[in-house]
$ cat target.cif   # mmCIF, C-alpha atoms
data_query
#
loop_
_atom_site.label_atom_id
_atom_site.label_comp_id
_atom_site.auth_asym_id
_atom_site.auth_seq_id
_atom_site.Cartn_x
_atom_site.Cartn_y
_atom_site.Cartn_z
CA MET A 1 17.57 -19.74 -80.16
CA ASN A 2 19.57 -18.01 -77.51
CA GLN A 3 18.21 -14.68 -78.58
CA MET A 4 14.71 -16.07 -78.45
CA ASN A 5 15.29 -17.49 -74.99
CA CYS A 6 16.56 -14.15 -73.73
CA LYS A 7 13.49 -12.38 -75.06
CA ASN A 8 11.23 -14.95 -73.41
CA ILE A 9 13.04 -14.65 -70.09
CA LEU A 10 12.87 -10.85 -70.20
CA SER A 11 9.17 -11.05 -71.00
CA LEU A 12 8.64 -13.47 -68.10
CA ILE A 13 10.55 -11.24 -65.68
CA ALA A 14 8.54 -8.24 -66.81
CA PHE A 15 5.32 -10.18 -66.38
CA LEU A 16 6.33 -11.41 -62.91
CA GLY A 17 7.41 -7.92 -61.91
CA ILE A 18 4.04 -6.52 -62.84
CA SER A 19 2.26 -9.38 -61.10
CA ILE A 20 4.27 -8.95 -57.85
CA GLY A 21 3.70 -5.21 -57.93
CA ALA A 22 0.01 -5.76 -58.43
CA MET A 23 -0.03 -8.23 -55.54
CA SER A 24 1.71 -5.75 -53.24
CA GLN A 25 -0.87 -3.15 -54.17
CA ASP A 26 -3.61 -5.57 -53.16
CA VAL A 27 -2.26 -6.31 -49.64
CA ASN A 28 -4.50 -4.74 -46.97
CA TYR A 29 -1.93 -3.75 -44.37
CA MET A 30 -4.60 -2.23 -42.13
CA GLU A 31 -6.50 -5.51 -41.89
CA LEU A 32 -3.31 -7.42 -41.21
CA GLY A 33 -2.31 -4.96 -38.51
CA LEU A 34 -5.73 -5.08 -36.83
CA THR A 35 -5.63 -8.88 -36.73
CA GLN A 36 -2.15 -8.81 -35.21
CA ASN A 37 -3.18 -6.17 -32.65
CA LYS A 38 -6.05 -8.39 -31.52
CA SER A 39 -3.72 -11.39 -31.14
CA GLY A 40 -1.16 -9.37 -29.19
CA ASN A 41 1.47 -9.41 -31.94
CA TYR A 42 2.11 -5.70 -31.58
CA ALA A 43 5.54 -5.52 -33.23
CA ASP A 44 4.27 -7.00 -36.52
CA ALA A 45 1.09 -4.95 -36.24
CA LEU A 46 3.16 -1.79 -35.93
CA ARG A 47 5.11 -2.66 -39.11
CA ASN A 48 1.91 -3.27 -41.07
CA PHE A 49 0.34 -0.01 -39.90
CA SER A 50 3.53 1.79 -40.94
CA LEU A 51 3.24 0.19 -44.38
CA ALA A 52 -0.40 1.28 -44.54
CA ILE A 53 0.61 4.85 -43.66
CA GLU A 54 3.38 4.79 -46.27
CA LYS A 55 1.05 3.34 -48.90
CA ASN A 56 -1.52 6.12 -48.32
CA ALA A 57 0.92 8.97 -47.75
CA ALA A 58 -0.94 11.18 -50.21
CA ASN A 59 -4.23 10.61 -48.43
CA PRO A 60 -3.40 9.70 -44.80
CA GLU A 61 -5.97 7.83 -42.75
CA PRO A 62 -6.41 8.80 -39.09
CA GLU A 63 -7.29 5.19 -38.21
CA ALA A 64 -3.84 4.01 -39.35
CA PHE A 65 -2.11 6.43 -36.98
CA TYR A 66 -4.56 5.58 -34.17
CA ASN A 67 -3.95 1.84 -34.51
CA ARG A 68 -0.19 2.25 -34.80
CA GLY A 69 -0.36 4.36 -31.63
CA PHE A 70 -2.27 1.53 -29.97
CA ALA A 71 0.50 -0.91 -30.93
CA LYS A 72 3.19 1.45 -29.63
CA TYR A 73 1.26 1.90 -26.37
CA ASN A 74 1.25 -1.86 -25.83
CA LEU A 75 4.97 -1.97 -26.61
CA LYS A 76 5.46 0.64 -23.82
CA ASP A 77 6.51 3.34 -26.31
CA PHE A 78 4.22 5.95 -24.79
CA SER A 79 5.94 8.97 -26.35
CA GLY A 80 5.72 7.36 -29.78
CA ALA A 81 2.07 6.51 -29.13
CA ILE A 82 1.31 10.13 -28.21
CA ALA A 83 2.88 11.31 -31.49
CA ASP A 84 0.62 8.96 -33.47
CA PHE A 85 -2.49 9.95 -31.52
CA ASP A 86 -1.56 13.61 -32.14
CA LYS A 87 -1.57 12.91 -35.87
CA ALA A 88 -4.84 10.99 -35.70
CA ILE A 89 -6.49 13.91 -33.90
CA GLU A 90 -4.99 16.40 -36.35
CA LEU A 91 -6.56 14.45 -39.22
CA LYS A 92 -9.85 13.88 -37.36
CA PRO A 93 -10.50 16.43 -34.58
CA THR A 94 -13.67 14.57 -33.45
CA TYR A 95 -11.79 11.31 -32.89
CA PHE A 96 -12.82 10.79 -29.25
CA GLU A 97 -11.17 7.34 -29.07
CA ALA A 98 -7.84 8.96 -29.93
CA PHE A 99 -8.31 11.54 -27.16
CA ILE A 100 -8.91 8.70 -24.68
CA ALA A 101 -5.89 6.75 -25.93
CA ARG A 102 -3.65 9.83 -25.82
CA GLY A 103 -4.87 10.55 -22.30
CA GLN A 104 -4.01 7.00 -21.25
CA SER A 105 -0.53 7.42 -22.75
CA TYR A 106 -0.01 10.65 -20.80
CA SER A 107 -1.25 8.85 -17.70
CA LYS A 108 1.39 6.15 -18.19
CA LYS A 109 3.97 8.95 -18.22
CA GLU A 110 2.46 10.22 -14.92
CA ASN A 111 1.27 13.42 -16.63
CA HIS A 112 -2.23 13.16 -15.21
CA LYS A 113 -3.25 16.81 -15.54
CA ILE A 114 -2.72 16.69 -19.32
CA ALA A 115 -4.40 13.29 -19.43
CA ILE A 116 -7.49 14.71 -17.74
CA GLN A 117 -7.71 17.42 -20.41
CA ASP A 118 -7.86 14.71 -23.08
CA TYR A 119 -10.52 12.77 -21.17
CA ASN A 120 -12.55 15.96 -20.78
CA GLU A 121 -12.48 16.50 -24.54
CA ALA A 122 -13.41 12.86 -25.18
CA ILE A 123 -16.41 13.23 -22.86
CA ARG A 124 -17.44 16.47 -24.59
CA LEU A 125 -17.35 14.64 -27.92
CA ASN A 126 -19.10 11.52 -26.60
CA PRO A 127 -20.73 11.84 -23.14
CA LEU A 128 -21.79 8.18 -23.20
CA GLU A 129 -18.32 6.62 -23.46
CA SER A 130 -17.70 4.83 -20.12
CA THR A 131 -13.96 4.35 -20.77
CA ALA A 132 -13.39 8.11 -20.69
CA TYR A 133 -14.98 8.42 -17.24
CA PHE A 134 -13.10 5.40 -15.94
CA SER A 135 -9.74 6.66 -17.23
CA ARG A 136 -10.36 10.15 -15.91
CA GLY A 137 -11.23 8.64 -12.54
CA ILE A 138 -7.87 6.83 -12.48
CA SER A 139 -5.97 10.05 -13.18
CA LYS A 140 -7.93 11.94 -10.54
CA THR A 141 -7.10 9.34 -7.91
CA LYS A 142 -3.43 9.53 -8.91
CA LEU A 143 -3.69 13.24 -8.12
CA GLU A 144 -5.36 12.30 -4.78
CA ASN A 145 -8.70 13.76 -5.88
CA PHE A 146 -10.57 10.78 -4.48
CA ARG A 147 -14.03 12.35 -4.45
CA GLY A 148 -13.60 13.35 -8.08
CA GLY A 149 -12.44 9.83 -8.90
CA LEU A 150 -15.42 8.38 -7.05
CA SER A 151 -17.81 10.50 -9.12
CA ASP A 152 -16.20 9.34 -12.39
CA PHE A 153 -16.30 5.67 -11.39
CA ASN A 154 -19.98 6.09 -10.50
CA LYS A 155 -20.66 7.44 -13.99
CA SER A 156 -18.58 4.72 -15.62
CA LEU A 157 -20.61 2.05 -13.82
CA GLU A 158 -23.87 3.77 -14.73
CA LEU A 159 -22.88 3.39 -18.39
CA TYR A 160 -21.24 -0.05 -18.06
CA PRO A 161 -22.51 -1.84 -14.92
CA GLU A 162 -20.52 -5.05 -15.38
CA TYR A 163 -17.02 -3.58 -15.59
CA ALA A 164 -15.01 -5.10 -12.73
CA PRO A 165 -12.10 -2.58 -12.84
CA SER A 166 -14.55 0.27 -12.15
CA TYR A 167 -15.85 -1.49 -9.04
CA ALA A 168 -12.30 -2.17 -7.84
CA SER A 169 -11.14 1.39 -8.53
CA ARG A 170 -14.20 2.80 -6.79
CA GLY A 171 -13.40 0.49 -3.88
CA ASP A 172 -9.88 1.94 -3.73
CA CYS A 173 -11.34 5.46 -3.62
CA LYS A 174 -13.69 4.50 -0.80
CA ILE A 175 -10.76 3.11 1.17
CA GLN A 176 -8.97 6.45 0.81
CA LEU A 177 -12.14 8.21 1.99
CA GLY A 178 -12.54 5.87 4.97
CA ASP A 179 -15.67 4.12 3.67
CA TYR A 180 -14.46 0.58 4.29
CA LYS A 181 -17.92 -0.97 4.26
CA GLY A 182 -18.64 0.58 0.86
CA ALA A 183 -15.22 -0.54 -0.38
CA LEU A 184 -15.96 -4.09 0.75
CA GLU A 185 -19.20 -4.10 -1.26
CA ASP A 186 -17.38 -2.88 -4.38
CA PHE A 187 -14.61 -5.47 -4.12
CA ASN A 188 -17.24 -8.17 -3.58
CA LYS A 189 -18.86 -7.14 -6.87
CA ALA A 190 -15.53 -6.95 -8.70
CA ILE A 191 -14.63 -10.46 -7.48
CA GLU A 192 -18.07 -11.75 -8.48
CA ILE A 193 -17.35 -10.58 -12.05
CA SER A 194 -13.63 -11.52 -12.12
CA PRO A 195 -12.85 -14.04 -9.35
CA LYS A 196 -9.17 -14.61 -10.13
CA ARG A 197 -7.73 -11.11 -9.80
CA ALA A 198 -5.15 -10.77 -7.03
CA GLY A 199 -5.64 -7.00 -6.76
CA TYR A 200 -9.36 -7.37 -6.11
CA LEU A 201 -8.79 -9.99 -3.40
CA SER A 202 -6.11 -7.82 -1.84
CA GLY A 203 -8.45 -4.80 -1.83
CA ARG A 204 -11.21 -6.80 -0.18
CA ALA A 205 -8.73 -8.15 2.37
CA TYR A 206 -7.63 -4.62 3.27
CA SER A 207 -11.26 -3.50 3.64
CA ARG A 208 -11.98 -6.45 5.93
CA MET A 209 -8.86 -5.69 7.95
CA LYS A 210 -9.95 -2.08 8.47
CA LEU A 211 -13.36 -3.34 9.60
CA GLY A 212 -11.71 -5.63 12.16
CA ASP A 213 -12.44 -8.89 10.32
CA TYR A 214 -8.89 -10.19 10.58
CA SER A 215 -9.79 -13.82 9.90
CA GLY A 216 -11.63 -12.86 6.71
CA ALA A 217 -8.75 -10.61 5.67
CA ILE A 218 -6.24 -13.42 6.21
CA LYS A 219 -8.30 -15.72 4.00
CA ASP A 220 -8.37 -13.15 1.18
CA TYR A 221 -4.66 -12.31 1.50
CA ASN A 222 -3.84 -16.01 1.25
CA GLU A 223 -5.89 -16.27 -1.96
CA SER A 224 -4.29 -13.12 -3.37
CA ILE A 225 -0.81 -14.45 -2.60
CA LYS A 226 -1.60 -17.71 -4.42
CA LEU A 227 -2.25 -15.64 -7.55
CA SER A 228 0.55 -13.12 -7.00
CA PRO A 229 3.14 -14.55 -4.59
CA ASP A 230 5.70 -11.74 -4.95
CA ASP A 231 3.63 -8.87 -3.52
CA ALA A 232 5.54 -7.63 -0.45
CA ASP A 233 2.57 -5.54 0.69
CA ASP A 234 0.25 -8.55 0.80
CA TRP A 235 2.74 -10.52 2.90
CA TYR A 236 3.13 -7.53 5.24
CA TYR A 237 -0.62 -7.09 5.77
CA LEU A 238 -1.06 -10.84 6.18
CA GLY A 239 1.48 -10.70 9.00
CA PHE A 240 -0.16 -7.61 10.44
CA CYS A 241 -3.56 -9.34 10.60
CA LYS A 242 -1.99 -12.32 12.33
CA THR A 243 -0.49 -10.06 15.01
CA GLN A 244 -4.02 -8.89 15.79
CA LEU A 245 -4.98 -12.51 16.43
CA GLU A 246 -1.70 -13.07 18.35
CA ASN A 247 -0.57 -15.65 15.84
CA PHE A 248 3.09 -14.70 16.09
CA ARG A 249 4.65 -18.04 15.25
CA GLY A 250 2.87 -20.51 13.02
CA GLU A 251 1.58 -23.86 14.18
CA ASN A 252 0.61 -27.13 12.48
CA GLY A 253 2.51 -26.26 9.33
CA GLU A 254 0.91 -22.81 8.94
CA LYS A 255 2.97 -19.64 8.85
CA GLY A 256 2.72 -17.06 11.61
CA ALA A 257 3.28 -13.31 11.50
CA LEU A 258 7.06 -13.75 11.92
CA GLU A 259 7.31 -15.80 8.73
CA ASP A 260 5.04 -13.42 6.82
CA PHE A 261 7.07 -10.31 7.72
CA SER A 262 10.26 -12.20 6.81
CA LYS A 263 8.77 -13.16 3.42
CA SER A 264 7.80 -9.55 2.79
CA LEU A 265 11.39 -8.51 3.50
CA GLU A 266 12.74 -11.27 1.26
CA ILE A 267 10.76 -9.72 -1.60
CA ASN A 268 11.45 -6.11 -0.62
CA PRO A 269 14.36 -5.73 1.85
CA ASN A 270 13.65 -1.99 2.12
CA LYS A 271 10.06 -2.30 3.34
CA ILE A 272 10.31 -0.45 6.65
CA ALA A 273 6.89 -1.49 7.90
CA SER A 274 7.88 -5.16 7.65
CA LEU A 275 11.11 -4.56 9.57
CA TYR A 276 9.11 -2.84 12.24
CA GLY A 277 6.47 -5.58 12.28
CA ARG A 278 9.08 -8.32 12.53
CA GLY A 279 10.79 -6.47 15.36
CA PHE A 280 7.46 -6.24 17.14
CA VAL A 281 6.87 -9.99 16.79
CA LYS A 282 10.40 -10.84 17.91
CA SER A 283 9.84 -8.76 21.04
CA LYS A 284 6.62 -10.67 21.69
CA LEU A 285 8.50 -13.95 21.31
CA GLY A 286 11.30 -12.87 23.68
CA ASP A 287 13.97 -12.40 20.99
CA HIS A 288 14.98 -8.94 22.18
CA ARG A 289 18.33 -8.87 20.41
CA GLY A 290 16.63 -9.74 17.13
CA ALA A 291 13.97 -7.12 17.80
CA ILE A 292 16.60 -4.44 18.47
CA GLU A 293 18.35 -5.36 15.22
CA ASP A 294 15.14 -4.98 13.19
CA PHE A 295 14.11 -1.76 14.94
CA THR A 296 17.60 -0.36 14.33
CA LYS A 297 17.38 -1.17 10.63
CA ALA A 298 13.99 0.53 10.56
CA THR A 299 15.31 3.71 12.20
CA ASP A 300 18.30 3.78 9.87
CA ALA A 301 16.14 3.33 6.78
CA GLY A 302 13.92 6.37 7.29
CA ASN A 303 10.32 7.07 8.11
CA LEU A 304 7.78 4.39 8.84
CA GLU A 305 4.95 3.45 6.56
CA ASN A 306 1.70 3.84 8.51
CA ILE A 307 2.54 1.81 11.60
CA LYS A 308 2.46 2.45 15.36
CA LEU A 309 1.82 0.65 18.61
CA VAL A 310 -1.06 1.33 20.99
CA TYR A 311 -1.93 0.08 24.43
CA SER A 312 -4.88 -2.27 24.66
CA GLY A 313 -4.65 -4.27 27.86
CA LYS A 314 -3.92 -4.18 31.59
CA ILE A 315 -0.76 -5.09 33.49
CA SER A 316 -1.28 -7.70 36.19
CA LYS A 317 2.07 -7.61 38.07
CA ILE A 318 2.85 -4.98 40.70
CA GLN A 319 6.62 -5.12 41.07
CA LEU A 320 8.57 -2.46 39.24
CA ASP A 321 10.66 -4.97 37.27
CA GLU A 322 7.51 -6.85 36.29
CA LEU A 323 5.93 -3.56 35.26
CA ARG A 324 8.87 -2.98 32.94
CA ASN A 325 9.05 -6.53 31.63
CA GLY A 326 5.31 -6.83 31.14
CA ILE A 327 4.82 -3.55 29.27
CA LEU A 328 5.22 -5.18 25.86
CA ASP A 329 2.42 -7.64 26.63
CA LYS A 330 -0.11 -4.82 26.56
CA THR A 331 0.81 -3.55 23.11
CA LYS A 332 -0.87 -4.31 19.83
CA MET A 333 0.29 -3.42 16.37
CA THR A 334 -2.16 -1.18 14.56
CA GLU A 335 -2.15 0.62 11.26
CA PHE A 336 -2.05 4.39 11.55
CA THR A 337 0.25 7.09 10.22
CA THR A 338 3.12 7.85 12.58
CA GLU A 339 6.70 9.06 12.74
CA LYS A 340 9.65 6.82 13.41
CA SER A 341 9.51 7.83 17.09
CA GLU A 342 7.56 4.58 17.46
CA VAL A 343 10.56 2.58 16.29
CA TYR A 344 12.82 4.18 18.90
CA PHE A 345 10.12 3.59 21.50
CA ASN A 346 9.88 -0.11 20.69
CA ARG A 347 13.62 -0.54 20.47
CA GLY A 348 13.81 1.07 23.90
CA ILE A 349 11.32 -1.47 25.23
CA ALA A 350 13.37 -4.33 23.76
CA LYS A 351 16.58 -2.92 25.29
CA ALA A 352 14.87 -2.49 28.66
CA LYS A 353 13.61 -6.06 28.58
CA SER A 354 17.10 -7.31 27.70
CA GLY A 355 18.46 -5.60 30.84
CA ASP A 356 20.00 -2.45 29.36
CA PRO A 357 18.09 0.49 30.91
CA LYS A 358 20.76 3.07 29.98
CA GLN A 359 20.52 2.26 26.27
CA ALA A 360 16.73 2.08 26.63
CA ILE A 361 16.66 5.62 28.02
CA GLU A 362 18.61 6.88 25.00
CA ASP A 363 15.96 5.46 22.71
CA PHE A 364 13.11 6.87 24.82
CA ASN A 365 14.88 10.24 24.73
CA LYS A 366 14.98 10.06 20.93
CA ALA A 367 11.32 9.05 20.74
CA ILE A 368 10.33 12.01 22.92
CA SER A 369 12.48 14.44 20.92
CA LEU A 370 10.64 13.34 17.76
CA ASN A 371 7.23 13.33 19.47
CA PRO A 372 7.16 15.56 22.59
CA VAL A 373 3.59 14.48 23.47
CA TYR A 374 4.45 10.79 23.58
CA ALA A 375 2.96 9.83 26.95
CA GLU A 376 3.97 6.17 26.71
CA ALA A 377 7.62 7.09 26.05
CA PHE A 378 7.70 9.28 29.19
CA PHE A 379 6.19 6.38 31.15
CA MET A 380 8.69 3.82 29.88
CA ARG A 381 11.58 6.21 30.48
CA ALA A 382 10.33 6.60 34.06
CA ILE A 383 10.52 2.83 34.55
CA SER A 384 14.08 2.68 33.22
CA LYS A 385 15.17 5.65 35.34
CA SER A 386 13.67 4.04 38.41
CA ASN A 387 15.59 0.86 37.68
CA LEU A 388 18.76 2.94 37.69
CA GLY A 389 17.74 4.51 41.03
CA ASP A 390 16.91 7.96 39.65
CA GLN A 391 13.52 8.11 41.39
CA ARG A 392 12.99 11.89 41.32
CA SER A 393 13.61 12.14 37.59
CA ALA A 394 11.37 9.11 37.11
CA LEU A 395 8.67 10.87 39.12
CA GLN A 396 8.87 13.90 36.79
CA ASP A 397 8.45 11.61 33.77
CA CYS A 398 5.33 10.14 35.40
CA ASN A 399 4.01 13.68 35.91
CA ASN A 400 4.56 14.42 32.21
CA SER A 401 2.92 11.17 31.18
CA ILE A 402 -0.18 11.90 33.28
CA PHE A 403 -0.31 15.50 32.02
CA LEU A 404 -0.40 14.19 28.45
CA GLN A 405 -2.78 11.30 29.16
CA ALA A 406 -4.98 12.08 32.14
CA LYS A 407 -6.43 8.57 32.46
CA TYR A 408 -3.15 6.68 32.27
CA ALA A 409 -3.77 4.14 35.06
CA GLU A 410 -0.30 2.60 34.96
CA ALA A 411 1.38 6.01 35.20
CA TYR A 412 -0.62 6.81 38.35
CA PHE A 413 0.37 3.40 39.73
CA LEU A 414 4.09 3.97 39.10
CA ARG A 415 3.95 7.54 40.41
CA GLY A 416 2.26 6.27 43.55
CA ILE A 417 5.02 3.70 44.13
CA LEU A 418 7.71 6.32 43.51
CA LYS A 419 6.10 8.79 45.93
CA ILE A 420 5.90 6.14 48.63
CA ALA A 421 9.56 5.27 48.00
CA LEU A 422 10.35 8.97 48.52
CA SER A 423 8.28 9.03 51.76
CA ASP A 424 5.42 11.00 50.18
CA ASN A 425 2.20 9.51 51.51
CA SER A 426 0.15 11.16 48.75
CA GLY A 427 1.35 8.21 46.70
CA CYS A 428 -1.60 6.26 48.12
CA ASN A 429 -3.93 8.73 46.38
CA ASP A 430 -2.23 7.94 43.08
CA LEU A 431 -2.58 4.22 43.72
CA SER A 432 -6.28 4.72 44.45
CA LYS A 433 -6.67 6.73 41.26
CA SER A 434 -4.89 3.98 39.32
CA GLY A 435 -7.39 1.44 40.66
CA GLU A 436 -10.33 3.70 39.77
CA LEU A 437 -9.01 3.90 36.21
CA GLY A 438 -9.00 0.13 35.92
CA TYR A 439 -5.60 -1.08 37.07
CA SER A 440 -6.64 -3.69 39.66
CA GLY A 441 -3.06 -4.50 40.65
CA ALA A 442 -2.96 -1.18 42.50
CA TYR A 443 -5.25 -2.55 45.21
CA ASN A 444 -2.71 -5.20 46.16
CA VAL A 445 -0.19 -2.47 46.95
CA ILE A 446 -2.77 -0.36 48.73
CA LYS A 447 -3.51 -3.30 51.06
CA GLU A 448 0.19 -3.62 51.87
CA VAL A 449 1.30 -0.01 52.35
CA CYS A 450 -1.68 2.34 52.58
CA ASN A 451 -3.71 0.86 55.45
#
$ encode --input "target.cif" --output "structure tokens"
Amino acid sequence: MNQMNCKNILSLIAFLGISIGAMSQDVNYMELGLTQNKSGNYADALRNFSLAIEKNAANPEPEAFYNRGFAKYNLKDFSGAIADFDKAIELKPTYFEAFIARGQSYSKKENHKIAIQDYNEAIRLNPLESTAYFSRGISKTKLENFRGGLSDFNKSLELYPEYAPSYASRGDCKIQLGDYKGALEDFNKAIEISPKRAGYLSGRAYSRMKLGDYSGAIKDYNESIKLSPDDADDWYYLGFCKTQLENFRGENGEKGALEDFSKSLEINPNKIASLYGRGFVKSKLGDHRGAIEDFTKATDAGNLENIKLVYSGKISKIQLDELRNGILDKTKMTEFTTEKSEVYFNRGIAKAKSGDPKQAIEDFNKAISLNPVYAEAFFMRAISKSNLGDQRSALQDCNNSIFLQAKYAEAYFLRGILKIALSDNSGCNDLSKSGELGYSGAYNVIKEVCN
């Protein structure tokens, strides 16, 4: 009985063993892996592709390596993905999809030159594959070949006209090439296809900003921030646009530029442009100590990121102190590449307005040393020197300012006042010239001292 039972059990075990083995042979690991890849379950997909590769070791399938590489790519294992794509290409040299995928993996490792070689080969193998042109365009733009990128995005859209990322990427290229109107059209199309993408809204906002549509840009930045609230750049540019509309401090529950720059710095404390922007706004609001603090942090942190100040208005007061105190009112923040001389310049203005002309002069000196053709810095230094009673040195700074900027009405005005203070009647000629150039306040002085 016992012997019989043992034989039966052994027979059953043998039968089950064969059955389980047969079942394992029937499992389609490739199909399982593909299903898991599609659902985003990349870790399990990778294991099943590995089992498929192991199962077919004697007759390896390039698709198994390609799909395992795809899973590794999505798990951020780009080196491992490249190794699998290498094997897929070795097994199938015409595998253009593997060339594209390997190129994308190299791109993720910032090796764009090698990536472009893979995209070139993919295009040679299949000239009608839009993904290859799109991916090559991305790598070209990373290498700052914006015209080359533009050409590839054009081809990608010719082959696949409804692909929103191609419109957005072409828009980015057009921004780099200064075609803001064309960029706006591309971002409009990208948003039409995919309305809820923060990057597309941000790109359109930037295009509108560069075209001077600050209200439209603010609207888009607000929408972008709703979708992606932790983008320091968006908060910075939102604040920048508000400075152009002189919305420095928010009203009726809405944030102003000051709050936007502060939010940008909360997200990225090292964003120099936002420190500079906040300092600018604080100066506008009369918080000169706070402005000096932000400008100082900006100078200590390094170079600026595409910011400077420009003059855009006229001064209405004629007294020397009012000329000094009113100088900030004629500045606007604008977005151009500059050196950090602008930070020293603005800190000097803040120090001058807070009643410290000596410290202001030190900052103007630094600004001029960094940018020897900085006409505005010479002019502001002249004002501070005059406040300290150094009229002759101030006069020389006015001469330098006028030499650098021949139509600088305020510099002629100040030089005229200084000459008259030094008993040089040719100062009236400078006052007249200042009036001709558009500074109407000069005529009030002319009436008093030149007739």
$ atom_distance --input "target.cif" --atom1 "CA of Val343 (chain A)" --atom2 "CA of Ser264 (chain A)"
18.4 Å
$ atom_distance --input "target.cif" --atom1 "CA of Cys398 (chain A)" --atom2 "CA of Asp294 (chain A)"
28.6 Å
$ resolve_selection --input "target.cif" --expression "the PyMOL selection byres ((chain A and resi 90) around 12)" --output "MDAnalysis selection string"
chainID A and resid 60:63 65:66 83:89 91:96 98:99
$ atom_distance --input "target.cif" --atom1 "CA of Ser139 (chain A)" --atom2 "CA of Ile82 (chain A)"
16.7 Å
$ resolve_selection --input "target.cif" --expression "the PyMOL selection byres ((chain A and resi 205-218) around 9)" --output "PyMOL selection string"
chain A and resi 171+175+179-184+187+200-204+219-224+237-239+241-242+244-245+335
$ resolve_selection --input "target.cif" --expression "the PyMOL selection byres ((chain A and resi 286-288) around 10)" --output "ChimeraX atom specification"
/A:279-285,289-294,347,349-355
$ write_last_selection --input "target.cif" --atoms "C-alpha atoms" --output "short mmCIF file (atom, residue, chain, number, x, y, z; two decimals), in the coordinates of the input"
data_model
loop_
_atom_site.label_atom_id
_atom_site.label_comp_id
_atom_site.auth_asym_id
_atom_site.auth_seq_id
_atom_site.Cartn_x
_atom_site.Cartn_y
_atom_site.Cartn_z
CA GLY A 279 10.79 -6.47 15.36
CA PHE A 280 7.46 -6.24 17.14
CA VAL A 281 6.87 -9.99 16.79
CA LYS A 282 10.40 -10.84 17.91
CA SER A 283 9.84 -8.76 21.04
CA LYS A 284 6.62 -10.67 21.69
CA LEU A 285 8.50 -13.95 21.31
CA ARG A 289 18.33 -8.87 20.41
CA GLY A 290 16.63 -9.74 17.13
CA ALA A 291 13.97 -7.12 17.80
CA ILE A 292 16.60 -4.44 18.47
CA GLU A 293 18.35 -5.36 15.22
CA ASP A 294 15.14 -4.98 13.19
CA ARG A 347 13.62 -0.54 20.47
CA ILE A 349 11.32 -1.47 25.23
CA ALA A 350 13.37 -4.33 23.76
CA LYS A 351 16.58 -2.92 25.29
CA ALA A 352 14.87 -2.49 28.66
CA LYS A 353 13.61 -6.06 28.58
CA SER A 354 17.10 -7.31 27.70
CA GLY A 355 18.46 -5.60 30.84
#
$ closest_residue --input "target.cif" --among "A:Arg249, A:Lys340, A:Leu414, A:His112" --to "Leu143 (chain A)" --atoms "all atoms listed in the file"
A:His112
$ closest_residue --input "target.cif" --among "A:Leu177, A:Ile191, A:Val449, A:Met30" --to "Asn56 (chain A)" --atoms "all atoms listed in the file"
A:Met30
$ axis_aligned_box --input "target.cif" --around "region 106-112 of chain A" --padding-each-side "6 Å" --output "AutoDock Vina command-line options"
--center_x 0.9 --center_y 9.8 --center_z -17.9 --size_x 18.2 --size_y 19.3 --size_z 17.9
$ residues_around --input "target.cif" --residues "Gln117 (chain A)" --least-positions-apart "5" --cutoff "10 Å" --atoms "all atoms listed in the file" --output "VMD selection string"
chain A and resid 99 to 100 103 112 122 to 123 136
$ residues_around --input "target.cif" --residues "Asn74 (chain A)" --least-positions-apart "3" --cutoff "7 Å" --atoms "all atoms listed in the file" --output "ChimeraX atom specification"
/A:42,70-71
$ closest_residue --input "target.cif" --among "A:Arg170, A:Cys450, A:Ser401, A:Phe240" --to "Arg147 (chain A)" --atoms "all atoms listed in the file"
A:Arg170
$ residues_around --input "target.cif" --residues "Ile114 (chain A)" --least-positions-apart "6" --cutoff "10 Å" --atoms "only C-alpha atoms" --output "list in words"
Arg102, Gly103, Gln104, Tyr106, Ser107, Asn120 and Ser139 of chain A
$ closest_residue --input "target.cif" --among "A:Ala45, A:Leu258, A:Ala382, A:Ile417" --to "Lys72 (chain A)" --atoms "all atoms listed in the file"
A:Ala45
$ residues_around --input "target.cif" --residues "Leu395 (chain A)" --least-positions-apart "6" --cutoff "12 Å" --atoms "all atoms listed in the file" --output "PyMOL selection string"
chain A and resi 378-386+389+401-402+411-422+424+427+430
$ write_last_selection --input "target.cif" --atoms "C-alpha atoms" --output "compact mmCIF listing (two decimals), in the frame of the given file"
# COMPACT_ATOMS: atom_id res chain seq x y z
CA PHE A 378 7.70 9.28 29.19
CA PHE A 379 6.19 6.38 31.15
CA MET A 380 8.69 3.82 29.88
CA ARG A 381 11.58 6.21 30.48
CA ALA A 382 10.33 6.60 34.06
CA ILE A 383 10.52 2.83 34.55
CA SER A 384 14.08 2.68 33.22
CA LYS A 385 15.17 5.65 35.34
CA SER A 386 13.67 4.04 38.41
CA GLY A 389 17.74 4.51 41.03
CA SER A 401 2.92 11.17 31.18
CA ILE A 402 -0.18 11.90 33.28
CA ALA A 411 1.38 6.01 35.20
CA TYR A 412 -0.62 6.81 38.35
CA PHE A 413 0.37 3.40 39.73
CA LEU A 414 4.09 3.97 39.10
CA ARG A 415 3.95 7.54 40.41
CA GLY A 416 2.26 6.27 43.55
CA ILE A 417 5.02 3.70 44.13
CA LEU A 418 7.71 6.32 43.51
CA LYS A 419 6.10 8.79 45.93
CA ILE A 420 5.90 6.14 48.63
CA ALA A 421 9.56 5.27 48.00
CA LEU A 422 10.35 8.97 48.52
CA ASP A 424 5.42 11.00 50.18
CA GLY A 427 1.35 8.21 46.70
CA ASP A 430 -2.23 7.94 43.08
